[in-house]
>>> print(open('entry10.txt').read())   # compact mmCIF, C-alpha atoms
# COMPACT_ATOMS: atom_id res chain seq x y z
CA MET A 205 34.77 -50.03 6.12
CA THR A 206 38.48 -49.16 6.14
CA SER A 207 40.78 -52.01 7.09
CA PHE A 208 42.70 -51.53 10.31
CA ASN A 209 46.32 -52.60 9.98
CA SER A 210 47.95 -50.59 12.75
CA VAL A 211 47.11 -50.18 16.43
CA ALA A 212 48.51 -47.78 19.01
CA VAL A 213 48.13 -48.25 22.74
CA ILE A 214 48.41 -45.12 24.87
CA GLY A 215 49.61 -46.03 28.33
CA ALA A 216 52.38 -48.54 29.02
CA GLY A 217 51.15 -49.87 32.33
CA ALA A 218 50.28 -53.53 32.81
CA TRP A 219 46.93 -53.25 31.00
CA GLY A 220 48.28 -51.20 28.11
CA THR A 221 51.18 -53.58 27.62
CA ALA A 222 48.81 -56.55 27.69
CA LEU A 223 46.61 -54.91 25.05
CA ALA A 224 49.65 -54.24 22.88
CA GLY A 225 50.28 -57.98 23.00
CA VAL A 226 46.66 -58.62 22.01
CA ALA A 227 47.02 -56.44 18.92
CA ALA A 228 50.33 -58.08 18.01
CA ARG A 229 48.81 -61.57 18.26
CA ALA A 230 46.02 -60.36 15.99
CA GLY A 231 48.66 -59.59 13.36
CA ARG A 232 48.59 -55.79 13.59
CA GLU A 233 51.46 -53.32 13.51
CA VAL A 234 51.61 -52.12 17.10
CA THR A 235 52.95 -49.00 18.77
CA LEU A 236 52.99 -48.78 22.57
CA TYR A 237 53.28 -45.23 23.93
CA ALA A 238 54.90 -44.57 27.32
CA ARG A 239 54.69 -41.01 28.62
CA ASP A 240 57.94 -41.49 30.56
CA THR A 241 60.66 -41.52 27.88
CA ASN A 242 63.09 -43.27 30.22
CA ALA A 243 60.57 -46.03 30.84
CA ALA A 244 60.02 -46.31 27.10
CA ALA A 245 63.76 -46.69 26.51
CA GLN A 246 64.09 -49.33 29.23
CA MET A 247 61.16 -51.34 27.90
CA LYS A 248 62.55 -51.12 24.38
CA SER A 249 65.92 -52.38 25.54
CA ALA A 250 64.71 -55.13 27.87
CA ARG A 251 61.68 -56.13 25.77
CA SER A 252 59.72 -56.41 29.00
CA ASN A 253 57.62 -54.37 31.41
CA PRO A 254 58.42 -54.67 35.14
CA ARG A 255 54.68 -54.48 35.82
CA LEU A 256 54.27 -57.79 33.98
CA PRO A 257 57.16 -59.88 35.30
CA GLY A 258 58.14 -62.91 33.28
CA ILE A 259 56.41 -61.77 30.08
CA ARG A 260 58.47 -60.88 27.01
CA LEU A 261 57.14 -58.19 24.70
CA ASP A 262 56.30 -59.35 21.19
CA ASP A 263 58.94 -58.26 18.68
CA ARG A 264 56.18 -56.64 16.60
CA ILE A 265 55.51 -54.07 19.33
CA GLN A 266 57.29 -50.75 18.75
CA ILE A 267 57.74 -48.66 21.90
CA THR A 268 57.84 -44.87 21.77
CA GLY A 269 57.71 -41.80 23.94
CA ASP A 270 56.43 -39.70 21.01
CA ILE A 271 52.66 -39.37 21.15
CA ALA A 272 52.47 -37.87 17.65
CA THR A 273 53.98 -41.05 16.22
CA ALA A 274 51.57 -43.25 18.15
CA ALA A 275 48.58 -41.17 17.05
CA GLN A 276 49.09 -42.08 13.40
CA ALA A 277 47.79 -45.63 13.90
CA ASP A 278 44.49 -46.76 12.37
CA ILE A 279 43.09 -47.63 15.82
CA VAL A 280 44.07 -46.00 19.12
CA LEU A 281 43.44 -47.77 22.44
CA ILE A 282 43.58 -45.57 25.54
CA ALA A 283 44.85 -47.61 28.49
CA THR A 284 45.17 -44.84 31.07
CA PRO A 285 43.13 -44.69 34.30
CA ALA A 286 39.66 -43.21 33.88
CA GLN A 287 40.53 -39.94 35.61
CA HIS A 288 43.48 -39.37 33.25
CA LEU A 289 41.61 -40.16 30.04
CA ARG A 290 40.78 -36.57 29.13
CA GLU A 291 44.38 -35.46 29.46
CA ALA A 292 45.60 -38.32 27.27
CA VAL A 293 43.02 -37.75 24.54
CA LYS A 294 43.66 -34.00 24.47
CA ALA A 295 47.34 -34.71 23.86
CA LEU A 296 46.42 -37.11 21.06
CA ALA A 297 43.76 -35.00 19.36
CA PRO A 298 45.98 -32.74 17.18
CA HIS A 299 47.78 -35.75 15.71
CA LEU A 300 44.93 -38.21 15.06
CA LYS A 301 43.77 -39.28 11.64
CA LYS A 302 40.33 -37.94 10.67
CA ALA A 303 37.55 -39.99 12.34
CA ALA A 304 40.10 -42.41 13.82
CA PRO A 305 38.55 -44.90 16.27
CA VAL A 306 39.68 -44.03 19.80
CA VAL A 307 38.82 -46.88 22.15
CA ALA A 308 38.66 -46.29 25.89
CA THR A 309 39.66 -49.31 27.97
CA ALA A 310 39.23 -47.81 31.45
CA LYS A 311 36.16 -48.53 33.57
CA GLY A 312 34.90 -45.42 35.32
CA ILE A 313 33.07 -42.12 35.31
CA GLU A 314 34.93 -38.81 35.25
CA ARG A 315 34.88 -36.90 38.51
CA GLY A 316 33.39 -33.43 38.39
CA THR A 317 31.72 -33.81 35.00
CA HIS A 318 29.94 -37.18 35.54
CA LYS A 319 30.93 -38.01 31.96
CA PHE A 320 31.34 -41.56 30.71
CA MET A 321 34.52 -42.49 28.90
CA THR A 322 33.19 -42.11 25.35
CA GLU A 323 31.70 -38.73 26.25
CA VAL A 324 35.11 -37.58 27.44
CA ILE A 325 36.62 -38.71 24.12
CA VAL A 326 33.99 -36.75 22.16
CA GLU A 327 34.77 -33.57 24.09
CA ALA A 328 38.55 -33.95 24.05
CA ALA A 329 38.87 -35.07 20.41
CA PRO A 330 35.74 -34.01 18.47
CA ASP A 331 37.04 -35.43 15.19
CA ALA A 332 37.66 -38.91 16.61
CA THR A 333 35.20 -41.82 16.66
CA PRO A 334 34.72 -43.04 20.24
CA ALA A 335 34.39 -46.66 21.33
CA ILE A 336 34.70 -48.61 24.58
CA LEU A 337 36.22 -51.98 25.45
CA SER A 338 35.29 -53.68 28.71
CA GLY A 339 34.71 -57.09 30.24
CA PRO A 340 36.07 -59.71 32.64
CA SER A 341 39.84 -59.60 32.21
CA PHE A 342 43.09 -59.24 34.11
CA ALA A 343 46.23 -57.84 32.54
CA ASP A 344 48.41 -60.79 33.52
CA ASP A 345 46.00 -63.33 31.99
CA VAL A 346 45.67 -61.32 28.78
CA ALA A 347 49.41 -60.76 28.50
CA ARG A 348 50.07 -64.49 28.85
CA GLY A 349 47.60 -65.27 26.08
CA LEU A 350 45.12 -67.04 28.35
CA PRO A 351 41.56 -67.29 26.97
CA THR A 352 39.67 -64.04 27.52
CA ALA A 353 36.35 -62.66 26.26
CA VAL A 354 35.35 -58.99 26.38
CA THR A 355 32.84 -56.59 24.83
CA LEU A 356 33.61 -53.75 22.41
CA ALA A 357 30.98 -51.10 21.76
CA ALA A 358 30.71 -48.39 19.12
CA SER A 359 27.66 -46.48 17.92
CA ASP A 360 28.09 -47.82 14.38
CA GLU A 361 27.64 -51.59 14.20
CA LYS A 362 29.89 -52.01 11.15
CA LEU A 363 32.67 -50.15 12.90
CA ALA A 364 32.23 -52.20 16.07
CA GLY A 365 32.42 -55.38 14.01
CA ALA A 366 35.52 -54.19 12.17
CA LEU A 367 37.26 -53.32 15.43
CA VAL A 368 36.49 -56.79 16.78
CA GLN A 369 37.95 -58.37 13.66
CA ALA A 370 41.08 -56.24 13.98
CA LEU A 371 41.74 -57.12 17.63
CA GLY A 372 40.37 -60.63 18.01
CA SER A 373 42.42 -63.81 18.05
CA SER A 374 42.11 -67.41 19.19
CA THR A 375 42.78 -66.38 22.80
CA PHE A 376 41.21 -62.92 22.89
CA ARG A 377 37.54 -62.95 21.87
CA PRO A 378 35.77 -59.59 21.73
CA TYR A 379 32.01 -59.47 21.17
CA HIS A 380 30.65 -56.30 19.56
CA THR A 381 27.59 -54.20 20.35
CA THR A 382 26.21 -50.72 19.75
CA ASP A 383 25.10 -50.41 23.39
CA ILE A 384 27.86 -48.07 24.49
CA ARG A 385 26.10 -46.94 27.65
CA GLY A 386 25.43 -50.49 28.79
CA VAL A 387 29.11 -51.39 28.48
CA GLU A 388 30.19 -48.22 30.28
CA ILE A 389 27.75 -48.59 33.18
CA GLY A 390 28.59 -52.26 33.63
CA GLY A 391 32.31 -51.52 33.84
CA ALA A 392 31.98 -48.53 36.17
CA ALA A 393 29.41 -49.95 38.58
CA LYS A 394 31.09 -53.32 39.00
CA ASN A 395 34.22 -51.63 40.36
CA VAL A 396 32.24 -50.13 43.22
CA LEU A 397 30.39 -53.37 43.91
CA ALA A 398 33.67 -55.31 43.93
CA ILE A 399 34.81 -53.17 46.87
CA ALA A 400 31.64 -54.18 48.72
CA ALA A 401 32.32 -57.84 47.93
CA GLY A 402 35.87 -57.47 49.24
CA ILE A 403 34.56 -56.03 52.49
CA VAL A 404 32.29 -59.06 52.89
CA GLU A 405 35.28 -61.33 52.29
CA GLY A 406 37.53 -59.36 54.61
CA ARG A 407 34.91 -59.44 57.36
CA ARG A 408 34.57 -63.24 56.90
CA LEU A 409 30.81 -62.99 56.51
CA GLY A 410 30.71 -66.21 54.51
CA ALA A 411 30.05 -67.48 50.99
CA SER A 412 26.29 -67.06 51.32
CA ALA A 413 26.67 -63.37 52.12
CA LEU A 414 29.10 -62.91 49.23
CA ALA A 415 26.66 -64.55 46.81
CA ALA A 416 23.80 -62.40 48.10
CA LEU A 417 25.90 -59.25 47.83
CA THR A 418 26.95 -60.05 44.26
CA THR A 419 23.42 -60.74 43.05
CA ARG A 420 21.89 -57.73 44.82
CA GLY A 421 24.73 -55.65 43.47
CA PHE A 422 23.93 -56.79 39.96
CA SER A 423 20.32 -55.79 40.54
CA GLU A 424 21.53 -52.28 41.34
CA LEU A 425 23.75 -52.21 38.27
CA ALA A 426 20.85 -53.33 36.07
CA ARG A 427 18.45 -50.75 37.51
CA LEU A 428 20.86 -47.91 36.81
CA GLY A 429 21.64 -49.28 33.37
CA ARG A 430 18.00 -49.46 32.35
CA ALA A 431 17.39 -45.94 33.67
CA CYS A 432 20.24 -44.69 31.48
CA GLY A 433 18.99 -46.50 28.38
CA ALA A 434 21.21 -49.58 28.46
CA ARG A 435 19.99 -52.86 27.03
CA SER A 436 19.29 -55.79 29.35
CA GLU A 437 21.32 -58.25 27.29
CA THR A 438 24.41 -56.05 27.60
CA LEU A 439 24.02 -55.70 31.36
CA ALA A 440 23.63 -59.47 31.69
CA GLY A 441 26.60 -60.09 29.39
CA LEU A 442 30.38 -59.96 29.65
CA SER A 443 30.70 -56.25 30.36
CA GLY A 444 28.07 -56.37 33.12
CA LEU A 445 27.37 -59.59 34.99
CA GLY A 446 30.49 -61.37 33.71
CA ASP A 447 32.82 -58.59 34.81
CA LEU A 448 31.02 -58.28 38.15
CA ILE A 449 31.39 -61.99 38.94
CA LEU A 450 35.12 -61.95 38.17
CA SER A 451 35.79 -58.74 40.09
CA CYS A 452 33.87 -59.93 43.16
CA SER A 453 35.72 -63.22 43.44
CA SER A 454 39.40 -62.81 42.58
CA PRO A 455 42.25 -61.27 44.60
CA GLN A 456 43.64 -60.06 41.25
CA SER A 457 40.86 -57.47 41.28
CA ARG A 458 42.27 -54.29 42.79
CA ASN A 459 38.81 -53.21 43.91
CA PHE A 460 38.14 -56.56 45.59
CA ALA A 461 41.59 -56.38 47.26
CA LEU A 462 40.84 -52.87 48.51
CA GLY A 463 37.58 -54.10 50.03
CA ILE A 464 39.32 -57.06 51.70
CA ALA A 465 41.84 -54.70 53.32
CA LEU A 466 39.06 -52.40 54.53
CA GLY A 467 37.07 -55.36 55.85
CA ARG A 468 40.09 -56.58 57.83
CA GLY A 469 40.77 -53.13 59.20
CA GLU A 470 44.08 -52.92 57.32
CA GLN A 471 45.64 -50.10 55.35
CA PRO A 472 44.93 -50.66 51.62
CA ASN A 473 47.80 -50.93 49.15
CA ARG A 474 47.96 -47.45 47.64
CA ASP A 475 50.57 -48.49 45.08
CA LYS A 476 47.82 -50.01 42.95
CA LEU A 477 44.90 -47.94 41.69
CA ALA A 478 41.38 -49.17 42.50
CA GLU A 479 39.11 -47.30 40.07
CA GLY A 480 36.04 -48.01 42.21
CA GLU A 481 37.35 -45.71 44.92
CA PHE A 482 37.07 -42.74 42.55
CA THR A 483 33.90 -43.96 40.85
CA ALA A 484 31.80 -44.58 43.98
CA PRO A 485 30.79 -40.97 44.80
CA VAL A 486 30.15 -40.18 41.14
CA LEU A 487 28.09 -43.34 40.67
CA ILE A 488 25.73 -42.57 43.51
CA GLU A 489 25.29 -39.00 42.30
CA LEU A 490 24.38 -40.35 38.87
CA ALA A 491 21.96 -42.84 40.46
CA ALA A 492 20.31 -40.08 42.49
CA SER A 493 19.85 -37.99 39.35
CA GLN A 494 18.03 -40.94 37.77
CA ASP A 495 16.03 -41.69 40.95
CA VAL A 496 17.61 -45.15 41.15
CA ASP A 497 18.02 -46.87 44.51
CA MET A 498 21.55 -48.30 44.95
CA PRO A 499 21.93 -49.16 48.66
CA VAL A 500 25.09 -51.27 48.32
CA SER A 501 26.88 -48.64 46.24
CA ASN A 502 25.71 -45.94 48.65
CA ALA A 503 27.16 -47.90 51.54
CA VAL A 504 30.52 -48.26 49.76
CA ALA A 505 30.66 -44.54 49.01
CA ALA A 506 29.81 -43.71 52.63
CA ILE A 507 32.52 -46.06 53.94
CA LEU A 508 35.15 -44.68 51.56
CA GLY A 509 34.15 -41.12 52.46
CA GLY A 510 34.47 -41.81 56.19
CA LYS A 511 30.80 -41.05 56.76
CA VAL A 512 29.94 -44.43 58.28
CA THR A 513 31.77 -47.39 59.79
CA ILE A 514 31.75 -50.76 58.06
CA ASP A 515 29.72 -52.32 60.89
CA ALA A 516 27.14 -49.55 60.72
CA ALA A 517 26.91 -49.86 56.93
CA ILE A 518 26.37 -53.62 57.16
CA GLU A 519 23.71 -53.15 59.85
CA GLY A 520 22.00 -50.54 57.70
CA LEU A 521 21.81 -52.93 54.74
CA LEU A 522 20.57 -55.85 56.85
CA THR A 523 17.82 -53.83 58.51
CA ARG A 524 16.35 -52.39 55.34
CA PRO A 525 12.63 -53.17 54.90
CA PHE A 526 11.86 -56.50 53.24
CA LYS A 527 10.79 -56.13 49.63
CA ALA A 528 10.01 -58.09 46.49
CA GLU A 529 12.79 -59.48 44.31
CA GLU A 530 13.56 -57.30 41.26
>>> encode(input="entry10.txt", output="structure tokens")
Amino acid sequence: MTSFNSVAVIGAGAWGTALAGVAARAGREVTLYARDTNAAAQMKSARSNPRLPGIRLDDRIQITGDIATAAQADIVLIATPAQHLREAVKALAPHLKKAAPVVATAKGIERGTHKFMTEVIVEAAPDATPAILSGPSFADDVARGLPTAVTLAASDEKLAGALVQALGSSTFRPYHTTDIRGVEIGGAAKNVLAIAAGIVEGRRLGASALAALTTRGFSELARLGRACGARSETLAGLSGLGDLILSCSSPQSRNFALGIALGRGEQPNRDKLAEGEFTAPVLIELAASQDVDMPVSNAVAAILGGKVTIDAAIEGLLTRPFKAEE
């Protein structure tokens, strides 16, 4: 397996900048690409990103507005939102090295196509090797070097292991797997379920209700995962259960924060993207195609789509027929 000495991160938001720091701490040569050339120049000059206040960029991180330069790295991490992934990879594709690993770091399903992130990479850059990184993590924690564990999946186990070795450090611990679909479903579904958890919190329904919602939500996630061929150990691991627990309990989670605002009857903060808002309708369409029952996710999608009030959705969930645990 080829050694990976250089890493490029496409997308200079908070998450992309945090991942650039991860690669620098792992001893790699790092290039951080910002689409806005003015933003790139400002970050280069200030050695900081206003989206991560108080954090200085590692001197080993080179910042550029030239995507062709960034594409020459041994590993490319895509840190754009899920719905912008295809556009970013298409721009990269002509400049990539042959079979270069392109690692998606967004958690979602593409609208319109119902494609998972690695499927989008395959279509947009056929000569690249797709992979996915997901798990319980917040950009601020990662950027500050606080202990974090995630999952990285690639179809080839040796490649997945090599990518982990290239990115891992004493504070950033990636576990590798070949269960790409399990990692992708865990990351996408938990965003939707985190909105539901936020609604429970915003409505002040209590800790017992939040615990019940989280566990029943995981049951939904696991059912869909198994139907799509995911492995149980992946769904119960960092990129499934671990990510769900974090996202359903911390105000740092944008999806949880969106749910809290909805539960309180407030206007959500539209300055920060909550991926679950875009994923919800696609997720339930995918579940329907697999004949998988996902009542919590269906309720979230209906609330977001204005088809049902929060009170009616809660009543609908509480009056469902009693059934066996699964």
>>> residues_near_point(input="entry10.txt", point="(44.7, -40.3, 29.1)", cutoff="10 Å", atoms="only C-alpha atoms", output="list in words")
Ile214, Gly215, Ile282, Ala283, Thr284, Pro285, Ala286, Gln287, His288, Leu289, Arg290, Glu291, Ala292, Val293, Lys294, Ala295, Leu296, Ala308, Ala310 and Ile325 of chain A
>>> closest_atom_pairs(input="entry10.txt", of="stretch 232-349 of chain A", to="stretch 381-401 of chain A", cutoff="8 Å", atoms="only C-alpha atoms", output="JSON lines")
{"residue": "A:Lys311", "atom": "CA", "partner": "A:Gly391", "partner_atom": "CA", "distance": 4.9}
{"residue": "A:Gly312", "atom": "CA", "partner": "A:Ala392", "partner_atom": "CA", "distance": 4.3}
{"residue": "A:Ile313", "atom": "CA", "partner": "A:Ala392", "partner_atom": "CA", "distance": 6.6}
{"residue": "A:Phe320", "atom": "CA", "partner": "A:Glu388", "partner_atom": "CA", "distance": 6.8}
{"residue": "A:Met321", "atom": "CA", "partner": "A:Glu388", "partner_atom": "CA", "distance": 7.3}
{"residue": "A:Ala335", "atom": "CA", "partner": "A:Ile384", "partner_atom": "CA", "distance": 7.4}
{"residue": "A:Ile336", "atom": "CA", "partner": "A:Ile384", "partner_atom": "CA", "distance": 6.9}
{"residue": "A:Leu337", "atom": "CA", "partner": "A:Val387", "partner_atom": "CA", "distance": 7.8}
{"residue": "A:Ser338", "atom": "CA", "partner": "A:Gly391", "partner_atom": "CA", "distance": 6.3}
{"residue": "A:Gly339", "atom": "CA", "partner": "A:Gly391", "partner_atom": "CA", "distance": 7.1}
>>> residues_near_point(input="entry10.txt", point="(31.3, -60.3, 51.0)", cutoff="12 Å", atoms="all atoms listed in the file", output="number ranges by chain")
A: 397-421, 451-454, 460-461, 463-464, 466-468, 500, 514, 518
>>> closest_residue(input="entry10.txt", among="A:Gly269, A:Gly433, A:Pro330, A:Gly372", to="A:Leu223", atoms="all atoms listed in the file")
A:Gly372
>>> closest_residue(input="entry10.txt", among="A:Ala328, A:Ala503, A:Leu425, A:Leu508", to="A:Phe482", atoms="all atoms listed in the file")
A:Leu508
>>> closest_residue(input="entry10.txt", among="A:Gly349, A:Pro254, A:Gly429, A:Gly365", to="A:Gly444", atoms="only C-alpha atoms")
A:Gly429
>>> atom_distance(input="entry10.txt", atom1="atom CA of A:Leu462", atom2="atom CA of A:Leu487")
17.7 Å
>>> closest_residue(input="entry10.txt", among="A:Ala332, A:Ala272, A:Ala492, A:Ile507", to="A:Pro305", atoms="all atoms listed in the file")
A:Ala332
>>> decode(input="entry10.txt", residues="stretch 424-446 of chain A", atoms="N, CA and C atoms", output="PDB file, in the first residue's frame")
ATOM      1  N   GLU A 424     -34.767   2.267  14.896  1.00  0.00           N
ATOM      2  CA  GLU A 424     -35.090   2.602  13.504  1.00  0.00           C
ATOM      3  C   GLU A 424     -33.839   2.584  12.640  1.00  0.00           C
ATOM      4  N   LEU A 425     -32.817   3.243  13.126  1.00  0.00           N
ATOM      5  CA  LEU A 425     -31.544   3.323  12.396  1.00  0.00           C
ATOM      6  C   LEU A 425     -31.023   1.922  12.093  1.00  0.00           C
ATOM      7  N   ALA A 426     -31.086   1.040  13.095  1.00  0.00           N
ATOM      8  CA  ALA A 426     -30.565  -0.318  12.930  1.00  0.00           C
ATOM      9  C   ALA A 426     -31.401  -1.110  11.930  1.00  0.00           C
ATOM     10  N   ARG A 427     -32.726  -0.929  11.968  1.00  0.00           N
ATOM     11  CA  ARG A 427     -33.582  -1.648  11.023  1.00  0.00           C
ATOM     12  C   ARG A 427     -33.255  -1.258   9.580  1.00  0.00           C
ATOM     13  N   LEU A 428     -33.112   0.031   9.356  1.00  0.00           N
ATOM     14  CA  LEU A 428     -32.794   0.493   8.001  1.00  0.00           C
ATOM     15  C   LEU A 428     -31.406   0.011   7.598  1.00  0.00           C
ATOM     16  N   GLY A 429     -30.472   0.078   8.518  1.00  0.00           N
ATOM     17  CA  GLY A 429     -29.117  -0.368   8.210  1.00  0.00           C
ATOM     18  C   GLY A 429     -29.075  -1.827   7.799  1.00  0.00           C
ATOM     19  N   ARG A 430     -29.739  -2.659   8.573  1.00  0.00           N
ATOM     20  CA  ARG A 430     -29.747  -4.099   8.243  1.00  0.00           C
ATOM     21  C   ARG A 430     -30.407  -4.342   6.889  1.00  0.00           C
ATOM     22  N   ALA A 431     -31.469  -3.604   6.607  1.00  0.00           N
ATOM     23  CA  ALA A 431     -32.169  -3.781   5.321  1.00  0.00           C
ATOM     24  C   ALA A 431     -31.280  -3.393   4.149  1.00  0.00           C
ATOM     25  N   CYS A 432     -30.358  -2.476   4.392  1.00  0.00           N
ATOM     26  CA  CYS A 432     -29.452  -2.011   3.334  1.00  0.00           C
ATOM     27  C   CYS A 432     -28.113  -2.743   3.341  1.00  0.00           C
ATOM     28  N   GLY A 433     -27.998  -3.778   4.165  1.00  0.00           N
ATOM     29  CA  GLY A 433     -26.798  -4.602   4.162  1.00  0.00           C
ATOM     30  C   GLY A 433     -25.716  -4.193   5.126  1.00  0.00           C
ATOM     31  N   ALA A 434     -26.012  -3.278   6.038  1.00  0.00           N
ATOM     32  CA  ALA A 434     -25.010  -2.842   7.013  1.00  0.00           C
ATOM     33  C   ALA A 434     -24.815  -3.907   8.094  1.00  0.00           C
ATOM     34  N   ARG A 435     -23.643  -3.876   8.708  1.00  0.00           N
ATOM     35  CA  ARG A 435     -23.344  -4.841   9.762  1.00  0.00           C
ATOM     36  C   ARG A 435     -23.754  -4.288  11.124  1.00  0.00           C
ATOM     37  N   SER A 436     -24.246  -5.179  11.981  1.00  0.00           N
ATOM     38  CA  SER A 436     -24.761  -4.776  13.282  1.00  0.00           C
ATOM     39  C   SER A 436     -23.698  -4.098  14.134  1.00  0.00           C
ATOM     40  N   GLU A 437     -22.453  -4.603  14.065  1.00  0.00           N
ATOM     41  CA  GLU A 437     -21.403  -4.022  14.907  1.00  0.00           C
ATOM     42  C   GLU A 437     -21.072  -2.595  14.499  1.00  0.00           C
ATOM     43  N   THR A 438     -21.231  -2.278  13.208  1.00  0.00           N
ATOM     44  CA  THR A 438     -21.007  -0.905  12.767  1.00  0.00           C
ATOM     45  C   THR A 438     -22.115   0.004  13.277  1.00  0.00           C
ATOM     46  N   LEU A 439     -23.350  -0.448  13.165  1.00  0.00           N
ATOM     47  CA  LEU A 439     -24.487   0.353  13.599  1.00  0.00           C
ATOM     48  C   LEU A 439     -24.449   0.601  15.103  1.00  0.00           C
ATOM     49  N   ALA A 440     -23.914  -0.354  15.851  1.00  0.00           N
ATOM     50  CA  ALA A 440     -23.819  -0.203  17.303  1.00  0.00           C
ATOM     51  C   ALA A 440     -22.527   0.469  17.724  1.00  0.00           C
ATOM     52  N   GLY A 441     -21.711   0.877  16.756  1.00  0.00           N
ATOM     53  CA  GLY A 441     -20.407   1.459  17.056  1.00  0.00           C
ATOM     54  C   GLY A 441     -20.417   2.972  17.011  1.00  0.00           C
ATOM     55  N   LEU A 442     -19.233   3.539  16.784  1.00  0.00           N
ATOM     56  CA  LEU A 442     -19.058   4.990  16.837  1.00  0.00           C
ATOM     57  C   LEU A 442     -19.887   5.728  15.804  1.00  0.00           C
ATOM     58  N   SER A 443     -19.949   5.200  14.585  1.00  0.00           N
ATOM     59  CA  SER A 443     -20.625   5.918  13.508  1.00  0.00           C
ATOM     60  C   SER A 443     -22.136   5.726  13.538  1.00  0.00           C
ATOM     61  N   GLY A 444     -22.636   4.877  14.436  1.00  0.00           N
ATOM     62  CA  GLY A 444     -24.071   4.686  14.583  1.00  0.00           C
ATOM     63  C   GLY A 444     -24.542   5.148  15.942  1.00  0.00           C
ATOM     64  N   LEU A 445     -24.521   4.239  16.900  1.00  0.00           N
ATOM     65  CA  LEU A 445     -25.010   4.549  18.247  1.00  0.00           C
ATOM     66  C   LEU A 445     -24.214   5.679  18.902  1.00  0.00           C
ATOM     67  N   GLY A 446     -22.882   5.638  18.772  1.00  0.00           N
ATOM     68  CA  GLY A 446     -22.062   6.664  19.413  1.00  0.00           C
ATOM     69  C   GLY A 446     -22.389   8.053  18.906  1.00  0.00           C
TER      70      GLY A 446
END
